[in-house]
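J.: Dropping the structure in here first, questions after.
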Amino acid sequence: MSEGEELNKEISGELEDLRRYIEDFTSFLPLPFCMVNPLDYILDSNQAFQDITGYDKMELIGSGITSIFKNKGKAESFASKVPNKNFPVEEEMILETKEGKEVPVKVSAHARRDGEGNYVGYFLTLSDITESKRFEEELERKIKERTEELERAKKQLEESEAVLEIKIAARTRELEELNERLEEKVKERTKEAENKAEELRKKAEEMRKTQTALLNLAEDTDNASKKAEKEKEKTLAIINKFVDGLFFFDSKKNLSLANPKAEEMFDVKERDLAGRPIKELKTFPTLKALFDLIGEDLKEVFREELCPSEGEDIFYEVTTIPVKHKGEEIGTLINVHDITREKSIEKIKSEFVSVAAHQLRTPLAGIKWTLQTIIEEGDEVDVPEEIMDFIRKAYEANTRMVNLVNDLLNVTRIEEGRYIYEPKEMDLMEIVKSFADTYKEKIEEKGLKFKLKEAEEELPKVKIDKEKVGVVIQNFLENALKYTKEGDITLKVSKVKEGIRVAVKDTGVGIPEDQQKRMFNKFFRASNVQRMDTEGSGLGLFIAKNIIEAHGGKIGFTSKFGEGSVFYFVLPAASKEEEAFFEEF
Amino acid sequence: MKKIIIVEDEEVLRNLLQRKLTEEGYEVEVAQDGEEGLEKIREGRPDLILLDIVMPKMGGFEMLEEMQKEEELSGIPVIVVSNSGQPVEIDRAQQLGASDWLVKTEFNPQEVIDKVIKQIGRGEEGGEEKNGEDSMEGVSPDEEL
């Protein structure tokens, strides 16, 4: 996936998250909220809106906004103001619910515009003002009651004035006091009512602010989701035209996508597979091999080879890619790449090398035997020493040619995956000793010292292909001998935690540090040894590595340029678990 | 005099072996392929056969199979001298009664002669006979499978 695609994916994901957040936010918010199109028809509404109107969502969608208000004329004129304003329009109106109940509400609407500024409808919110209305009415009623009481009292006083003039004087004061107290109380009450009203106003103001924020947010979401939709289309087009087969599984491991190439490769249709878990997909005969490979838990594989149908020479390479978003796994992508052509070319190449190497051996054997016979019988027929020298050189060159052809054959076998033959349990020390005997002589002949360090403790048996492991030991010793001019060569066998370690240490030319990484590559030869001699195929260590790894072992080296090298391998001790490993050879 | 038949299509190798073995005091007959080899064996039973595997007309394996069918021929010791040395091939030859397998590029003619002496004794002196069913201890498979 390119960086751009990934970014797009991330953006659209984020927008999707935002959209969902807004949806959740609005649907649970107590503020009734709906979306209206330019013709005043309701497009969508939230739960609170449905609750207050008493209609369900389906009844609301498509109905005119004016239909829910008692005074349709007023509602119409309100609606007509919205398109021209760039701020929320507000009005108090009476809502008529489905059950015919009348609810006083404050209505706010805000026009929506698209990127070019065209009017595309509006968002509309309702706030129930029943409570504040009722309170106002209650207050009015109470004031009226008190006023009536006062008037009655005044009347009584006037009536009894004549008779109870004396009493009146006293009573008047009392009454005046009472009156005062009453007035005070009324004042108190009025003040209380005013406070309450103020509180309500504040609340309403807060509501309005929330409402505006919400309207803006809703608008942003709207634009964002349009953009996300576009990105999604682009991504889908890419997936559909992709040269590799793609399957996408969601986080619950159900298939959510199979592109046309995948359909073609496995002869299936996405619509038959979508939404199904792997267990069910395995029942499709053409998919069985694939899901046997990656398992029901979608284990991670990297460029794993797959033969989708037995008996057919078709090969795919499968890679699973866990897809993460913000650290959270959102699914798994399976990429299936057709490598049939590469495989057939590889096979032809391999077969060619195999046949060519084999054919080369016939004349090489003839040359070898002829030269050998001449060398053996040279003295008898008095061949000049100079000529004999040429013949010996020709014999050596021929031997190198034989070795080179053998190396090439080995590499071909390795690449065909059939190289290790019938591993048997045996004593590694015995094999090491036989090579030590042969090489001790050769090494000392060159004026170098040879040491064999045997393990102090008893060694476990190893399960190996004797000939092949011999090739590795020989390769180590041969290299040490070839590239050491003075000093000593040590062959050391020791017991380690993982099994048995065999190491060859020399005081030779060493390996330049910058080339150490490539030592086990096919045909690689370090620059310093290339200058020393033209011999060597550059295949020895490559073959050695393959042999050791095929035995489940490890191969490695440490080297210092100009000071010497240690090459070693570790073979695991024989155990029952090993058996299964060798079955594939 | 002990008699050896060399069945080998490559002239150089055939001539070299013939010369060496004659020098060692064996009676040597040669055949260019399996068909000719079988004919020669039927004419006069040899003490040992040096047998190539890949040959025109009839190869070494086919010849061994044919020999298995005839009681008189099945007991003759056979040393395979082949160009290849895949362990599966060696196993097959062993099952068909071959007693040893040499890879041409890995051996010198003298070493082949040594194997022959070990197997049936020296030519002139007529040393003691070795068991033809000897295990394939001399086998040195080359590095292929």
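Numbering starts fresh at 1 for the residues of each chain in the structure tokens, the chains themselves are lettered A, B, ... in the order given, and ligands are numbered from 1 as they appear.
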Which chain B residues are at most 12 Å from chain A (counting only C-alpha atoms), as a PyMOL selection string?
T.: chain B and resi 8-17+19-20+52-55+81-88+91+102-112+139-145
J.: From the DSSP assignment of the backbone, select every residue of stretch 393-518 of chain A that is alpha helix (DSSP H), and format the answer as a PyMOL selection string.
T.: chain A and resi 393-415+428-445+466-482
J.: So what do you get for atom CA of A:Asp292 versus atom CA of A:Ile278, distance-wise?
T.: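 Computing it gives 9.7 Å between the two atoms.
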J.: Write out as a list in words all residues of stretch 469-541 of chain A that DSSP puts in strand (DSSP E) for this structure's backbone.
T.: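 So the strand (DSSP E) residues in stretch 469-541 of chain A would be Asp488, Ile489, Thr490, Leu491, Lys492, Val493, Ser494, Lys495, Val496, Gly499, Ile500, Arg501, Val502, Ala503, Val504, Lys505 and Asp506 of chain A.
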J.: Could you pull the residues within 6 Å of stretch 459-462 of chain A, counting only C-alpha atoms, minus those fewer than 5 positions along the same chain, as an NGL selection string?
T.: :A and (425-427 or 573-574)
J.: Suppose we keep C-alpha atoms; can you now write the selection as a CSV table (one decimal), in the first residue's frame?
T.:
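And here is the file that came out, result16.csv:
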chain,number,residue,atom,x,y,z
A,425,GLU,CA,21.7,-41.2,14.4
A,426,MET,CA,25.4,-41.2,14.8
A,427,ASP,CA,28.5,-40.0,16.7
A,573,ALA,CA,21.1,-33.4,19.8
A,574,ALA,CA,19.0,-36.2,18.4
J.: For A:Ser63, find every residue with an atom within 10 Å (counting only C-alpha atoms), except residues of its own chain fewer than 5 positions away, and show them as number ranges by chain.
T.: A: 36, 40-43, 58, 68
J.: Those residues with N, CA and C atoms, as a compact mmCIF listing (two decimals), in the first residue's frame please?
T.:
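This is the output file result.txt:
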# COMPACT_ATOMS: atom_id res chain seq x y z
N VAL A 36 -33.95 18.84 7.60
CA VAL A 36 -35.06 19.14 6.70
C VAL A 36 -34.50 19.52 5.33
N ASP A 40 -38.88 21.66 2.75
CA ASP A 40 -39.45 21.56 4.09
C ASP A 40 -39.91 20.15 4.45
N TYR A 41 -39.31 19.16 3.80
CA TYR A 41 -39.64 17.78 4.20
C TYR A 41 -38.56 17.26 5.12
N ILE A 42 -39.00 16.49 6.11
CA ILE A 42 -38.05 15.96 7.10
C ILE A 42 -37.26 14.81 6.47
N LEU A 43 -35.93 14.85 6.63
CA LEU A 43 -35.05 13.80 6.08
C LEU A 43 -34.61 12.84 7.15
N MET A 58 -40.02 6.59 10.83
CA MET A 58 -40.51 6.35 9.49
C MET A 58 -41.67 7.29 9.16
N ILE A 68 -46.25 19.37 11.95
CA ILE A 68 -46.20 19.06 13.38
C ILE A 68 -46.54 20.28 14.23
J.: Pick the closest to A:Leu214 from A:Lys253, A:His110, A:Arg146, A:Arg189: which is it, counting only C-alpha atoms?
T.: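 Closest candidate: A:His110.
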J.: Taking into account only C-alpha atoms, which residue in the set B:Glu66, B:Glu29, B:Asp47, B:Glu35 is nearest to B:Ile120?
T.: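 Of B:Glu66, B:Glu29, B:Asp47, B:Glu35, the one nearest B:Ile120 is B:Asp47, counting only C-alpha atoms.
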J.: Would you mind listing what lies within 9 Å of B:Gln68 as a count of residues only, with only C-alpha atoms counted and same-chain residues fewer than 5 positions away left out?
T.: 6
J.: Could you work out how far atom CA of A:Ser344 lies from atom CA of A:Val318, giving the answer in Å with one decimal?
T.: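 Interatomic distance here is 17.7 Å.
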